[in-house]
Each structure stands twice: as structure tokens, then as C-alpha cells.
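Content type mmCIF, C-alpha atoms, from the file query_13.cif:
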```cif
data_run
#
loop_
_atom_site.label_atom_id
_atom_site.label_comp_id
_atom_site.auth_asym_id
_atom_site.auth_seq_id
_atom_site.Cartn_x
_atom_site.Cartn_y
_atom_site.Cartn_z
CA MET A 684 -151.11 -230.55 49.13
CA ALA A 685 -154.25 -230.61 46.98
CA THR A 686 -156.30 -227.47 46.46
CA ASP A 687 -159.94 -227.29 47.54
CA PRO A 688 -161.76 -228.12 44.26
CA SER A 689 -164.87 -226.20 45.29
CA ARG A 690 -163.02 -222.88 45.12
CA LYS A 691 -162.03 -221.32 41.80
CA PRO A 692 -159.50 -218.53 42.29
CA ASN A 693 -159.26 -215.87 39.63
CA PHE A 694 -156.43 -213.64 38.46
CA GLU A 695 -157.24 -211.16 41.22
CA ASP A 696 -156.40 -213.85 43.79
CA LEU A 697 -153.01 -214.31 42.14
CA LYS A 698 -152.32 -210.55 41.88
CA VAL A 699 -151.39 -210.91 38.22
CA GLY A 700 -152.02 -207.19 37.75
CA ALA A 701 -149.42 -206.30 40.34
CA GLN A 702 -146.93 -208.58 38.58
CA VAL A 703 -147.67 -206.95 35.22
CA LYS A 704 -147.12 -203.51 36.74
CA ALA A 705 -143.84 -204.55 38.38
CA PHE A 706 -142.47 -206.04 35.17
CA ARG A 707 -143.58 -202.97 33.17
CA LYS A 708 -141.78 -200.61 35.56
CA ALA A 709 -138.68 -202.81 35.48
CA LYS A 710 -138.61 -202.32 31.70
CA LYS A 711 -139.22 -198.58 32.23
CA TYR A 712 -142.29 -198.69 29.98
CA SER A 713 -145.15 -196.27 30.44
CA LEU A 714 -148.67 -197.63 30.08
CA SER A 715 -148.95 -195.96 26.69
CA GLU A 716 -145.67 -197.52 25.50
CA LEU A 717 -146.76 -201.00 26.59
CA ALA A 718 -150.13 -200.45 24.91
CA ARG A 719 -148.38 -199.52 21.65
CA ILE A 720 -146.07 -202.55 21.78
CA THR A 721 -148.81 -205.08 22.58
CA SER A 722 -151.83 -203.51 20.82
CA ILE A 723 -153.70 -203.95 24.11
CA SER A 724 -155.52 -200.72 24.93
CA GLU A 725 -154.07 -198.47 27.62
CA ALA A 726 -157.42 -198.50 29.41
CA THR A 727 -157.42 -202.31 29.51
CA LEU A 728 -153.84 -202.43 30.79
CA SER A 729 -154.70 -199.94 33.52
CA ARG A 730 -157.69 -202.03 34.63
CA VAL A 731 -155.54 -205.17 34.63
CA GLU A 732 -152.79 -203.56 36.72
CA ASN A 733 -155.35 -202.29 39.23
CA GLU A 734 -156.98 -205.74 39.50
CA GLN A 735 -160.23 -204.34 38.08
CA THR A 736 -160.56 -206.82 35.23
CA PRO A 737 -159.28 -210.33 34.50
CA VAL A 738 -156.65 -210.68 31.80
CA SER A 739 -157.07 -213.21 29.02
CA ALA A 740 -154.62 -216.06 28.55
CA HIS A 741 -153.64 -214.84 25.09
CA ASN A 742 -152.98 -211.33 26.39
CA LEU A 743 -150.77 -212.83 29.09
CA TYR A 744 -148.73 -214.51 26.36
CA ILE A 745 -148.45 -211.18 24.54
CA LEU A 746 -147.42 -209.37 27.74
CA SER A 747 -144.83 -212.03 28.57
CA GLN A 748 -143.19 -211.44 25.17
CA ALA A 749 -143.29 -207.64 25.46
CA LEU A 750 -141.90 -207.68 29.00
CA ASP A 751 -139.28 -210.37 28.32
CA VAL A 752 -140.53 -212.72 31.04
CA ASP A 753 -141.81 -216.25 30.98
CA ILE A 754 -145.58 -216.51 31.37
CA THR A 755 -145.05 -218.49 34.57
CA ALA A 756 -143.61 -215.34 36.16
CA PHE A 757 -147.18 -213.99 36.41
CA PHE A 758 -148.17 -216.98 38.55
CA GLU A 759 -145.12 -218.01 40.55
CA ALA A 760 -142.22 -215.71 41.30
CA ALA A 761 -139.90 -218.57 42.25
CA ALA A 762 -140.19 -220.50 38.98
CA GLN A 763 -136.88 -222.11 38.00
CA PRO A 764 -135.48 -221.81 34.46
CA MET A 765 -135.34 -224.73 32.03
CA ARG A 766 -131.97 -226.49 31.98
CA THR A 767 -130.57 -229.93 31.25
CA GLY A 768 -132.29 -232.59 33.33
CA VAL A 769 -135.08 -230.38 34.68
CA ARG A 770 -138.61 -231.77 34.82
CA SER A 771 -141.96 -230.59 36.14
CA ILE A 772 -144.82 -232.72 37.43
CA SER A 773 -148.33 -231.27 37.77
CA ARG A 774 -150.42 -233.46 40.06
CA ALA A 775 -154.17 -233.78 39.58
CA GLY A 776 -155.98 -231.27 41.77
CA GLU A 777 -152.87 -229.31 42.74
CA GLN A 778 -153.21 -226.59 40.07
CA PRO A 779 -156.20 -224.41 41.04
CA PRO A 780 -158.56 -223.51 38.19
CA ILE A 781 -158.27 -219.83 37.27
CA GLU A 782 -161.18 -217.87 35.84
CA THR A 783 -160.14 -215.87 32.78
CA ALA A 784 -162.18 -213.70 30.45
CA ARG A 785 -162.74 -216.58 27.99
CA TYR A 786 -162.59 -219.83 29.97
CA VAL A 787 -161.48 -221.47 33.20
CA ALA A 788 -157.78 -222.33 32.86
CA GLU A 789 -155.62 -224.81 34.73
CA VAL A 790 -152.09 -223.66 33.88
CA LEU A 791 -149.58 -226.51 34.10
CA SER A 792 -145.86 -226.60 34.93
CA THR A 793 -145.87 -223.15 36.49
CA ASP A 794 -142.69 -224.04 38.40
CA LEU A 795 -140.63 -223.85 35.18
CA ALA A 796 -139.62 -220.55 33.59
CA ASN A 797 -138.42 -219.85 30.03
CA LYS A 798 -140.28 -222.84 28.59
CA LYS A 799 -140.76 -223.17 24.83
CA MET A 800 -144.16 -224.81 25.38
CA HIS A 801 -146.99 -223.57 27.60
CA PRO A 802 -149.48 -226.31 28.54
CA ALA A 803 -152.90 -225.72 30.08
CA VAL A 804 -156.23 -227.47 30.54
CA ASN A 805 -159.06 -225.08 29.70
CA THR A 806 -162.77 -225.49 30.39
CA VAL A 807 -164.75 -223.64 27.70
CA THR A 808 -168.24 -222.48 28.67
CA LYS A 809 -168.97 -219.70 26.15
CA LYS A 810 -171.74 -220.66 23.73
CA SER A 811 -171.17 -218.13 20.93
CA LEU A 812 -168.31 -216.33 19.22
CA GLU A 813 -169.64 -213.00 20.47
CA GLU A 814 -169.82 -214.26 24.05
CA ALA A 815 -166.23 -215.53 23.72
CA GLY A 816 -165.06 -212.03 22.74
CA GLY A 817 -164.33 -212.65 19.07
CA LEU A 818 -161.19 -213.99 17.43
CA ALA A 819 -157.67 -213.55 18.81
CA SER A 820 -154.16 -214.51 17.68
CA HIS A 821 -150.64 -214.92 19.02
CA ALA A 822 -147.22 -215.71 17.61
CA GLY A 823 -146.08 -219.31 17.38
CA GLU A 824 -147.97 -222.58 17.10
CA GLU A 825 -150.72 -224.28 19.09
CA PHE A 826 -151.93 -227.83 19.68
CA LEU A 827 -155.43 -228.50 20.99
CA TYR A 828 -156.90 -231.84 22.15
CA VAL A 829 -160.53 -232.25 23.25
CA LEU A 830 -160.63 -234.11 26.57
CA GLU A 831 -164.36 -233.86 27.24
CA GLY A 832 -167.44 -232.58 25.42
CA GLN A 833 -167.63 -230.83 22.06
CA LEU A 834 -165.78 -227.73 20.89
CA VAL A 835 -166.54 -225.41 17.99
CA PHE A 836 -163.22 -224.06 16.71
CA TYR A 837 -163.47 -220.69 14.94
CA THR A 838 -160.65 -219.35 12.77
CA ASP A 839 -159.91 -217.00 9.92
CA PHE A 840 -159.85 -218.67 6.49
CA TYR A 841 -161.95 -221.70 7.53
CA SER A 842 -165.58 -222.43 8.40
CA PRO A 843 -166.27 -223.18 12.08
CA THR A 844 -165.12 -226.74 12.85
CA LEU A 845 -166.81 -229.08 15.34
CA LEU A 846 -164.31 -231.11 17.37
CA ASN A 847 -165.51 -234.06 19.43
CA GLU A 848 -163.92 -235.80 22.41
CA GLY A 849 -160.63 -237.32 21.28
CA ASP A 850 -160.25 -234.97 18.29
CA SER A 851 -157.21 -232.70 18.03
CA ILE A 852 -155.89 -229.89 15.88
CA TYR A 853 -152.46 -228.31 15.35
CA PHE A 854 -152.46 -224.82 13.87
CA ASP A 855 -150.67 -221.55 13.27
CA GLY A 856 -151.33 -219.33 16.30
CA SER A 857 -151.08 -216.15 14.23
CA MET A 858 -154.29 -217.21 12.49
CA ALA A 859 -157.03 -215.53 14.54
CA HIS A 860 -159.06 -218.14 16.43
CA ALA A 861 -161.54 -218.73 19.25
CA TYR A 862 -163.02 -221.63 21.24
CA VAL A 863 -166.77 -222.09 21.82
CA ALA A 864 -168.56 -224.92 23.64
CA GLY A 865 -170.34 -227.05 21.04
CA GLY A 866 -172.88 -228.83 23.24
CA ASP A 867 -175.03 -228.27 26.30
CA CYS A 868 -172.08 -229.00 28.60
CA PRO A 869 -168.71 -227.19 28.82
CA ALA A 870 -165.82 -228.51 26.73
CA LYS A 871 -162.55 -229.40 28.43
CA ILE A 872 -159.46 -229.08 26.24
CA LEU A 873 -155.71 -229.58 26.56
CA VAL A 874 -153.87 -226.69 24.91
CA VAL A 875 -150.12 -226.55 24.32
CA THR A 876 -148.85 -223.26 22.92
CA ASN A 877 -145.42 -222.49 21.56
CA ILE A 878 -144.91 -218.73 21.56
CA ASP A 879 -142.08 -217.70 19.27
CA GLY A 880 -141.79 -214.14 18.07
CA LYS A 881 -142.29 -210.51 18.99
CA SER A 882 -145.54 -209.14 20.32
CA GLU A 883 -145.83 -206.29 17.83
CA GLY A 884 -148.70 -206.66 15.42
CA PHE A 885 -150.70 -209.22 17.42
CA ILE A 886 -154.46 -209.06 17.06
CA ASN A 887 -155.75 -207.92 20.42
CA GLU A 888 -158.06 -210.24 22.30
CA HIS A 889 -160.94 -208.53 24.08
CA SER A 890 -160.34 -209.00 27.80
#
```
Can I see the file as C-alpha cells?
Amino acid sequence: MATDPSRKPNFEDLKVGAQVKAFRKAKKYSLSELARITSISEATLSRVENEQTPVSAHNLYILSQALDVDITAFFEAAAQPMRTGVRSISRAGEQPPIETARYVAEVLSTDLANKKMHPAVNTVTKKSLEEAGGLASHAGEEFLYVLEGQLVFYTDFYSPTLLNEGDSIYFDGSMAHAYVAGGDCPAKILVVTNIDGKSEGFINEHS
């Protein structure tokens, strides 16, 4: 059944904070221990768990690694694990857009757990690096394809790069990066992330 496109649920609707808290307690981590492992401040984690602030997509990846759960566990408790012959179909309009701190995300294939790739369609509206919250990084690799509009791609080591509709980039996720809309309209991008590694030492994204 398709979701009403006029309504954009956020992470509060999905009770992501409650899921984070439950997984943290299952690991017997205190807030301070989880903050040390992830480099996400204890104050931010507390606000996330109490549904007082949205959590960024990158921080969700970091938390999934620290808590030893697939990122889909924050969205759908009944997600089934990857195994031989499994497939997942995401129908147009069935994945509700979710407002995060940096962009509006449509997370795909949430019915599969323990995936090696994490696909999403993100709508980027921020017009400056400062508005986007600065650079952030994560373990693993990332592929980005511009579906609509223009995107300014910021990274360490390189000058800001303008990507137009149809352009793509594959890069090392541990290189700090950020997305900014390059034109008057939002940019829509397909992002596929492969998270491989421990969460220690990640650069914290401002959430």
C-alpha cells in the first residue's frame, strides 16, 4: 500500500531513539561508553534516545556498527537477514521520506538485515557547507549518482566539485565529505554505502 506523499515522517515518527536505547542497553553500554566508542557526544546521544533531536544518516551507520546491528534494525524490527536467494523490492512511493538533520532520506530495502550495501535516495536542500553541518566521514566506501538537479560535493583533499544530473562519484567514505544543493532547486541523489569497519575514530557528524 502506497504512503501518502504529502506527509513526510521524521525519525521521531519511527521511534529511532527508542530503538537506539534498546540496543544500547542490550549491549550493556552506558551513554558515556557509547559516546566514547562512536565519538558522538553524550548529550547528542541522550537527545536522540529521548526523541528530542533527529539523528543523521551517517551517525546511524556509526551506531549500527557500535551496537552490532544492521542499520535496518532502526527502521523495521522484523527485517530478515541476507541469505542465498533473498531479494528485496522497494516500490515507488512505498518508502516514506524521512527528514534527517542533513537531508530528506528515502531508505531502501529496509526489509533486509545484515546487508553489505545500504541504498537510499536523498533529497539535498542545504545551500552551504555550514548549513549542512560541516564534513562527516564513515568507514567503507560510497557511490553517489545525481538523479535530479545539481550537487556540490565537498571533501577533504579536493576542491568542491559540482555534479550535474547523470554524474556520479565513487569514493572512500573515511574521507570527510558533505552534500550541498548546487542550484536553486533541491538535488536528488542515489547513495549506496558499504560500511566495513569499526566505529572507533570516525569523524562525528553534527546532528
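The coordinates place CA of Phe706 (chain A) at 6.4 Å from CA of Leu750 (chain A).
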- Note on the structure: One decimal place gives the CA of Ala819 (chain A)-CA of Ser739 (chain A) separation as 10.2 Å
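Nearest to Asn733 (chain A) of all the residues A:Leu818, A:Ala701, A:Leu717, A:Ile872 is A:Ala701, counting only C-alpha atoms.
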- CA of Gly700 (chain A) to CA of Leu743 (chain A), straight-line distance in Å: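 Calculated distance between CA of Leu743 (chain A) and CA of Gly700 (chain A) is 10.4 Å.
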- Apply the PyMOL selection byres ((chain A and resi 843) around 12) to the file shown and report the selected residues as a count of residues only. 21
